[in-house]
Amino acid sequence: MNQQIVTFPIPKPGKISLVNAPRAVVPSLMNMLAILALRGQVIVIDGGNCFDGYALARALRAETHQVQIALKQVLLSRAFTCYQMVAMLAELPANGTPIVILDMLSTFLDENVHLAQRLRLLDSSLNLVRRISTQSPVAIWTRARSSPTGEDQQLLTPLLEMAHDIWELETPTRPAHQLPLF
Amino acid sequence: MGRTLPSATQLMLQEEAALSRFRRALRRSDQLVFDDLFTAAQKHISAAAYAAHALPFETFLMAMLLEERKEVMRLRQMVEALCEMHA
Amino acid sequence: MLEFKGWLLDLFEDPREGLVLYFIDSDGSRHRLTRPFPVTFYALGSDAQLRKLWQYLEDRPHEIKLKRTQRMDVFKRQRVTVLGVTVQNPYEVSKIFHQIAAQFPNLEFADADLAISLRFAAETGAFPLAYCHVQADEALHLQDIQILEDAWTLKAAPIPLRIMSLAPDVAPHHARPHYLIVSTGGEEYRFALSAWRPLLVNLRALIARHDPDLLLTDWGDTWLLPQLLEQSEKYHIPLGLNREASRSVCWREERTYFSYGRIVYRGQQIHLFGRCHIDRQNAVLWNDYELDGTIEISRVTALPLQTAARVSPGTGISSIEMHTALREGILVPWQKQQAEMLKPAADLFSADQGGLVYQPRIGVHKNVAEIDFVSLYPAIMVYFNISPETILTNPDADNIVPALGLGIDTSQEGLIPKALRPLLEKRIEFKKHLANTPSWDPFRKNFKRRASALKWLLVTCFGYLGYKNARFGRIEAHQAVTAYGREALLRAKETAEDMGFEVIQLYVDGLWVQHPDKTRPEDIEPLLLEIQERTGLPISLDGIYRWVIFVGSRQNKDRPVANRYFGVFQDGTIKVRGIDARRRDSTPFVSQSQMHLLELLASYDSPEDALPEAIRYLQERLRALRQGEIKLPDLLVRQQLGRKLEAYRTLSPAALAVLQLKAVGKEMRPGQRVPFLFTLGKPGVFAWDLPQKPNPSAIDVARYQRLLLRAAGIVLESWGLDEEKLSEKVLSGATQLQLPVTRQQHPGEHRCNIPGIIHPTVNRSLEGHPY
């Protein structure tokens with residue numbers, strides 16, 4: 001639990017922010033969510049079964065005694081297939097509520113669905129995201145894998161092209177506390 | 001569909017890990033007591049899971065207290081029994 | 001005009017006739033009937049999209065009929081407008097559908113990929129192996145079919161199946177078979193595999209003479225039928241494996257997949273037309289429920305016998321749900337679009353949980369009653385009406401799911417309860433009947449196997465509700481089931497405590513309770529009634545243990561694990577969970593010895609009295625092991641290959657065995673079990689299926705000895721003999737047995753009776769016991 005917390009800027013309406021980083025970034029994302037939740041409602045779409053409610057609660061606890069109330073501001077829905085991801089995005093309101101999409105590409109790596117079909121569904125998803133982002137701030141996290149495949153890149157590229165600002169983070173190689181060796 | 005949140009057992013390990021710096025700086029004898037507290041809390045892991053508290057450490061503390069209280073009651077009864085024997 | 005009573009054996013699509021059906025007439029004859037069978041699937045989308053699809057298809061009127069109509073969408077909870085595409089010949093459906101799906105990727109589809117047997121059953125009521133009344137015209141076109149027994153009949157008329165069994169003399173992956181053994185009509189034949197021509201000629205004659213309905217083989221999918229087909233082609237001697245002469249057999253590829261976190265391997269399959277083929281070695285749960293259970297699965301799932309023999313229980317449940325949906329006119333989505341609804345993150349903490357599981361108290365407990373909810377999760381789904389469409393976002397106060405912020409609509413029975421209710425009720429009926437059926441009753445075995453088949457379906461149906469690709473799965477429904485499950489178990493716990501019982505253990509759907517004065521089944525009855533009253537769910541007494549022992553985990557024996565225990569019921573039955581005697585990977589030598597020890601303990605009123613005999617038994621087993629008297633197959637370990645070889649960092653013994661096989665050209669896939677022996681020297685294992693014979697003197701006796709003593713220690717530890725003490729005793733070889741030293745009482749073990757306080761479990765039954 002000694003992960004480093006990165007403070008991300010709060011996403012703004014009309015903008016799509018993209019964070020491309022390994023899984024270790026989740027606590028930082030939860031911090032960002034906590035800040036958003038303290039300001040009002042926020043919607044989370046979890047495409048990688050990675051929403052860390054406990055990290056979020058801890059982040060909220062640092063700011064408020066009313067953790068439960070703040071947790072109610074966070075609306076969550078989890079997508080387990082790429083079909084569900086599209087269906088979910090299609091139902092989202094574009095009313096200014098900030099949207100955070102976690103591990104957006106995981107469901108599109110499902111080998112049970114033809115690649116052409118997945119690319120088509122991803123395309124639909126991105127169109128929906130673009131439409132929503134005209135009214136609401138959107139932040140997307142894509143999980144960077146330790147050994148990315150060609151397919152990973154193929155799926156990531158359109159997201160990189162769509163985003164207005166992009167954060168790429170790598171896993172820190174240094175251990176949290178290191179003794180000088182003498 | 002796998003679970004999204006960690007299980008109560010994993011949570012307890014996480015909380016223990018979060019205190020590893022504290023534990024490290026304790027005397028060896030105190031470290032063992034520290035470990036005992038977590039072992040005691042483990043007995044109520046299913047109740048803690050059912051409680052589903054967003055800040056589970058509070059529940060774990062309660063579980064530790066519960067076991068401490070039981071120990072106190074047990075010792076009290078032993079003392080009373082001994083007193084009676086010697087009376 | 002043909003009219004008869006009989007059983008529907010097989011049915012399949014045909015390019016010319018539409019549908020071909022094979023029947024077993026009760027007079028002994030067999031019939032092949034045909035029928036046109038148009039099949040409809042549906043497209044869902046915007047008016048403009050559907051209009052385009054209409055234009056695309058409208059110039060093929062003799063092949064396809066189109067109709068705009070309304071159908072029920074279970075996820076939208078309303079009827080929706082759809083375009084019905086009716087394909088005149090079912091043989092063409094798959095091809096036409098995939099063309100359309102590729103051409104119109106933005107449309108949604110329903111009822112698109114359903115097995116023909118499900119469609120036929122939904123339309124006519126006649127499912128595979130149903131006993132029916134059949135009418136046909138002179139051209140053998142099916143005119144009318146009425147079922148005489150439904151799929152829920154307990155005492156169904158036995159089907160006069162003609163069975164031919166085919167098996168090689170040895171397991172072909174282990175050694176080279178020399179004979180093919182054929183048994184049919186009470187006769188047995190042996191054909192040398194070295195002389196293919198006579199074998200083929202004779203086999204062809206036997207098949208023609210006996211005309212079997214079912215070929216029951218060993219390794220027919222993976223070895224025997226491929227061999228026979230290859231040779232039959234080489235020698236130009238057609239065997240007539242299919243009854244439907246115009247068709248060649250149907251091959252399905254082997255595969256490995258994940259199911260509920262476990263890796264599963266299924267071998268290649270060979271299906272026949274007009275006749276069934278079941279490979280006992282590749283059939284699902286064959287050892288558990290055999291042909292009776294497989295027939296049961298086929299009937300209740302409406303899947304043809306040879307499919308039913310090979311599908312997972314999850315696919316079986318899926319078929320039952322799809323069949324119900326078809327009958328009810330509910331759309332069966334091709335790809336489920338439904339996603340989880342937006343809910344406050346605060347709700348996730350209590351929703352994202354499984355069943356309630358206690359940490360048991362390690363050690364011996366006496367006079368413990370085990371009571372179990374009967375098929376808890378299916379019962380919750382059925383009695384509390386849990387289904388994807390009954391979940392309410394804005395719950396009314398009446399039917400709110402405990403701690404979940406969801407409601408359940410109980411105004412109409414949901415699709416899932418409708419599909420599961422007859423299954424659950426049939427299982428309960430079987431249970432009732434079995435309780436009253438004496439052991440000599442000829443129906444007993446049949447009932448047991450069929451009940452077991454139903455049990456597997458019911459066990460699976462809950463997980464299937466939460467499976468991401470399940471057509472009628474829904475995460476909220478899945479969560480509602482576990483929430484009700486936890487509530488039921490807690491209410492049961494509270495009831496037991498209110499009635500003065502101590503709760504020893506809780507495990508998802510069962511609880512273990514103890515009361516000093518309530519040690520007979522009739523004493524438990526009031527508790528059962530009260531729990532049923534408070535939960536609305538059926539619960540029954542599994543039995544009362546004379547003693548039951550919860551043991552710690554394999555890694556750390558002081559750490560309790562929920563599902564690792566063994567005990568003896570009052571009637572002497574032994575129940576074992578999670579220890580070697582039950583594990584599929586343990587060697588027969590070890591698991592049989594462990595079971596024998598348990599039987600020994602169970603045979604004495606005070607299990608302590610069994611200890612001298614237990615030690616003698618272990619000494620004898622070890623002597624037999626050292627002197628090579630244990631047969632090698634009894635020393636086989638059967639571990640599963642958990643992943644691909646490349647994925648291992650340090651090779652497990654199973655992986656080492658697989659590596660040996662690879663070196664001689666035998667490939668194994670993840671999910672397969674590899675049998676091997678532990679041997680001396682490197683690499684420490686000997687794969688059983690290697691071509692050379694194992695050297696009996698290379699057996700790693702010390703390793704087997706360790707395995708035996710560890711397994712024995714688990715069973716005897718609570719009676720004062722843990723692995724270490726046991727090793728001392730058994731290996732000392734002393735004929736004059738010493739008493740274990742009476743345990744010194746540690747001051748901390750002094751017990752005071754404070755109600756509700758958990759003491760470290762101390763076994764004192766041995767103290768001062770003179771054996």
# chains A, B, ... in the order shown; residues from 1 in each chain; ligands from 1

$ residues_around --residues "Leu528 of chain C" --least-positions-apart "4" --cutoff "10 Å" --atoms "only C-alpha atoms" --output "list in words"
Ile371, Asp372, Phe373, Ala492, Thr495, Ala496, Asp523, Ile524, Gln532, Glu533, Arg534, Pro538, Ile539, Ser540 and Leu541 of chain C

$ write_last_selection --atoms "N, CA and C atoms" --output "mmCIF file, in the first residue's frame"
data_model
loop_
_atom_site.group_PDB
_atom_site.id
_atom_site.type_symbol
_atom_site.label_atom_id
_atom_site.label_comp_id
_atom_site.auth_asym_id
_atom_site.auth_seq_id
_atom_site.Cartn_x
_atom_site.Cartn_y
_atom_site.Cartn_z
ATOM 1 N N ILE C 371 -27.394 -29.728 9.079
ATOM 2 C CA ILE C 371 -28.645 -29.460 8.361
ATOM 3 C C ILE C 371 -28.355 -28.582 7.163
ATOM 4 N N ASP C 372 -28.980 -28.926 6.053
ATOM 5 C CA ASP C 372 -28.708 -28.242 4.786
ATOM 6 C C ASP C 372 -29.994 -27.725 4.172
ATOM 7 N N PHE C 373 -29.910 -26.529 3.625
ATOM 8 C CA PHE C 373 -31.018 -26.058 2.795
ATOM 9 C C PHE C 373 -31.034 -26.912 1.533
ATOM 10 N N ALA C 492 -31.158 -18.891 9.910
ATOM 11 C CA ALA C 492 -31.066 -20.261 10.421
ATOM 12 C C ALA C 492 -30.178 -20.293 11.662
ATOM 13 N N THR C 495 -32.059 -18.810 14.523
ATOM 14 C CA THR C 495 -33.087 -19.746 14.985
ATOM 15 C C THR C 495 -32.451 -20.814 15.875
ATOM 16 N N ALA C 496 -31.348 -21.382 15.407
ATOM 17 C CA ALA C 496 -30.680 -22.446 16.163
ATOM 18 C C ALA C 496 -30.250 -21.912 17.526
ATOM 19 N N ASP C 523 -35.237 -35.000 17.607
ATOM 20 C CA ASP C 523 -34.995 -33.795 18.412
ATOM 21 C C ASP C 523 -34.740 -32.575 17.534
ATOM 22 N N ILE C 524 -34.300 -32.836 16.323
ATOM 23 C CA ILE C 524 -33.905 -31.742 15.435
ATOM 24 C C ILE C 524 -35.121 -31.213 14.662
ATOM 25 N N GLN C 532 -37.627 -23.331 8.488
ATOM 26 C CA GLN C 532 -38.454 -23.215 7.285
ATOM 27 C C GLN C 532 -39.448 -22.082 7.423
ATOM 28 N N GLU C 533 -40.018 -21.959 8.619
ATOM 29 C CA GLU C 533 -40.986 -20.908 8.893
ATOM 30 C C GLU C 533 -40.334 -19.529 8.744
ATOM 31 N N ARG C 534 -39.107 -19.392 9.251
ATOM 32 C CA ARG C 534 -38.485 -18.071 9.262
ATOM 33 C C ARG C 534 -37.820 -17.685 7.944
ATOM 34 N N PRO C 538 -36.971 -24.712 2.006
ATOM 35 C CA PRO C 538 -36.912 -26.076 2.540
ATOM 36 C C PRO C 538 -35.527 -26.399 3.100
ATOM 37 N N ILE C 539 -35.510 -27.056 4.228
ATOM 38 C CA ILE C 539 -34.233 -27.446 4.850
ATOM 39 C C ILE C 539 -34.386 -28.864 5.364
ATOM 40 N N SER C 540 -33.307 -29.638 5.337
ATOM 41 C CA SER C 540 -33.431 -31.010 5.811
ATOM 42 C C SER C 540 -32.209 -31.413 6.623
ATOM 43 N N LEU C 541 -32.408 -32.450 7.418
ATOM 44 C CA LEU C 541 -31.320 -32.972 8.244
ATOM 45 C C LEU C 541 -30.484 -33.920 7.396
#

$ residues_around --residues "segment 53-62 of chain B" --least-positions-apart "6" --cutoff "8 Å" --atoms "only C-alpha atoms" --output "list of chain:residue names"
A:Gly53, A:Tyr54, A:Ala57, A:Arg58, A:Gln68, B:Leu11, B:Met12, B:Glu15, B:Ala41, C:Ala346, C:Phe349

$ residues_around --residues "segment 1-10 of chain B" --least-positions-apart "4" --cutoff "8 Å" --atoms "only C-alpha atoms" --output "PyMOL selection string"
(chain A and resi 49-54+80) or (chain B and resi 14+42+45-46+48-49) or (chain C and resi 349+352-353+466-468)

$ write_last_selection --atoms "N, CA and C atoms" --output "mmCIF file, in the first residue's frame"
data_model
loop_
_atom_site.group_PDB
_atom_site.id
_atom_site.type_symbol
_atom_site.label_atom_id
_atom_site.label_comp_id
_atom_site.auth_asym_id
_atom_site.auth_seq_id
_atom_site.Cartn_x
_atom_site.Cartn_y
_atom_site.Cartn_z
ATOM 1 N N ASN A 49 -13.053 -4.940 -14.306
ATOM 2 C CA ASN A 49 -13.304 -5.489 -12.984
ATOM 3 C C ASN A 49 -12.246 -5.007 -11.993
ATOM 4 N N CYS A 50 -11.980 -3.706 -12.004
ATOM 5 C CA CYS A 50 -10.840 -3.190 -11.236
ATOM 6 C C CYS A 50 -11.204 -2.009 -10.346
ATOM 7 N N PHE A 51 -12.481 -1.652 -10.253
ATOM 8 C CA PHE A 51 -12.887 -0.545 -9.398
ATOM 9 C C PHE A 51 -12.518 -0.881 -7.956
ATOM 10 N N ASP A 52 -11.670 -0.044 -7.338
ATOM 11 C CA ASP A 52 -11.209 -0.349 -5.984
ATOM 12 C C ASP A 52 -11.973 0.501 -4.975
ATOM 13 N N GLY A 53 -13.101 0.000 -4.533
ATOM 14 C CA GLY A 53 -13.975 0.734 -3.620
ATOM 15 C C GLY A 53 -13.287 1.095 -2.317
ATOM 16 N N TYR A 54 -12.410 0.199 -1.851
ATOM 17 C CA TYR A 54 -11.765 0.461 -0.567
ATOM 18 C C TYR A 54 -10.756 1.596 -0.677
ATOM 19 N N PHE A 80 -18.617 -6.554 -18.726
ATOM 20 C CA PHE A 80 -17.810 -7.774 -18.771
ATOM 21 C C PHE A 80 -17.576 -8.251 -20.197
ATOM 22 N N GLN B 14 -4.008 -6.690 3.366
ATOM 23 C CA GLN B 14 -3.665 -5.336 2.918
ATOM 24 C C GLN B 14 -3.490 -4.387 4.102
ATOM 25 N N GLN B 42 -8.725 -12.474 12.751
ATOM 26 C CA GLN B 42 -9.014 -13.425 11.685
ATOM 27 C C GLN B 42 -10.192 -14.345 12.021
ATOM 28 N N ILE B 45 -13.449 -13.126 10.480
ATOM 29 C CA ILE B 45 -13.328 -12.628 9.121
ATOM 30 C C ILE B 45 -14.654 -12.740 8.364
ATOM 31 N N SER B 46 -15.436 -13.797 8.655
ATOM 32 C CA SER B 46 -16.693 -13.918 7.901
ATOM 33 C C SER B 46 -17.712 -12.882 8.351
ATOM 34 N N ALA B 48 -16.860 -9.943 9.396
ATOM 35 C CA ALA B 48 -16.365 -8.704 8.802
ATOM 36 C C ALA B 48 -16.771 -8.625 7.334
ATOM 37 N N ALA B 49 -16.699 -9.759 6.644
ATOM 38 C CA ALA B 49 -17.096 -9.782 5.238
ATOM 39 C C ALA B 49 -18.573 -9.435 5.113
ATOM 40 N N PHE C 349 -20.235 -2.791 -1.884
ATOM 41 C CA PHE C 349 -19.557 -3.503 -0.798
ATOM 42 C C PHE C 349 -20.366 -4.704 -0.311
ATOM 43 N N ASP C 352 -21.106 -7.358 -3.641
ATOM 44 C CA ASP C 352 -20.024 -8.127 -4.254
ATOM 45 C C ASP C 352 -19.475 -9.170 -3.279
ATOM 46 N N GLN C 353 -20.339 -10.086 -2.870
ATOM 47 C CA GLN C 353 -19.942 -11.106 -1.900
ATOM 48 C C GLN C 353 -20.519 -12.446 -2.307
ATOM 49 N N GLY C 466 -24.693 -15.674 -13.368
ATOM 50 C CA GLY C 466 -23.692 -14.621 -13.294
ATOM 51 C C GLY C 466 -22.638 -14.712 -14.383
ATOM 52 N N TYR C 467 -22.795 -15.680 -15.290
ATOM 53 C CA TYR C 467 -21.786 -15.880 -16.333
ATOM 54 C C TYR C 467 -21.960 -14.815 -17.404
ATOM 55 N N LYS C 468 -20.851 -14.192 -17.795
ATOM 56 C CA LYS C 468 -20.973 -12.992 -18.637
ATOM 57 C C LYS C 468 -21.604 -13.283 -19.989
#

$ residues_around --residues "Leu511 of chain C" --least-positions-apart "3" --cutoff "9 Å" --atoms "only C-alpha atoms" --output "count of residues only"
14

$ residues_around --residues "Gly186 of chain C" --least-positions-apart "4" --cutoff "12 Å" --atoms "only C-alpha atoms" --output "number ranges by chain"
C: 162-165, 182, 210

$ write_last_selection --atoms "N, CA and C atoms" --output "CSV table (one decimal), in the first residue's frame"
chain,number,residue,atom,x,y,z
C,162,ARG,N,-31.2,-50.6,-28.2
C,162,ARG,CA,-30.3,-51.7,-28.6
C,162,ARG,C,-28.9,-51.1,-28.5
C,163,ILE,N,-28.1,-51.7,-27.7
C,163,ILE,CA,-26.7,-51.1,-27.4
C,163,ILE,C,-25.7,-52.0,-27.9
C,164,MET,N,-24.7,-51.5,-28.6
C,164,MET,CA,-23.5,-52.2,-29.0
C,164,MET,C,-22.3,-51.5,-28.3
C,165,SER,N,-21.5,-52.3,-27.6
C,165,SER,CA,-20.4,-51.7,-26.9
C,165,SER,C,-19.1,-52.1,-27.7
C,182,VAL,N,-16.2,-56.4,-28.9
C,182,VAL,CA,-17.5,-55.9,-29.2
C,182,VAL,C,-18.5,-56.8,-28.5
C,210,HIS,N,-27.5,-56.5,-35.9
C,210,HIS,CA,-28.1,-56.0,-34.7
C,210,HIS,C,-28.7,-54.6,-34.8

$ interface_residues --of "chain A" --to "chain B" --cutoff "12 Å" --atoms "only C-alpha atoms" --output "ChimeraX atom specification"
/A:1-3,46-62,65-72,76-81,176-177

$ residues_around --residues "His114 of chain A" --least-positions-apart "6" --cutoff "12 Å" --atoms "only C-alpha atoms" --output "MDAnalysis selection string"
(chainID A and resid 82 108 120:121) or (chainID C and resid 102 105)

$ residues_around --residues "Phe8 of chain A" --least-positions-apart "5" --cutoff "8 Å" --atoms "only C-alpha atoms" --output "mmCIF file with C-alpha atoms, in the first residue's frame"
data_model
loop_
_atom_site.group_PDB
_atom_site.id
_atom_site.type_symbol
_atom_site.label_atom_id
_atom_site.label_comp_id
_atom_site.auth_asym_id
_atom_site.auth_seq_id
_atom_site.Cartn_x
_atom_site.Cartn_y
_atom_site.Cartn_z
ATOM 1 C CA SER A 28 -4.341 7.439 -8.133
ATOM 2 C CA LEU A 29 -7.473 7.125 -10.219
ATOM 3 C CA MET A 32 -9.206 11.576 -8.667
#
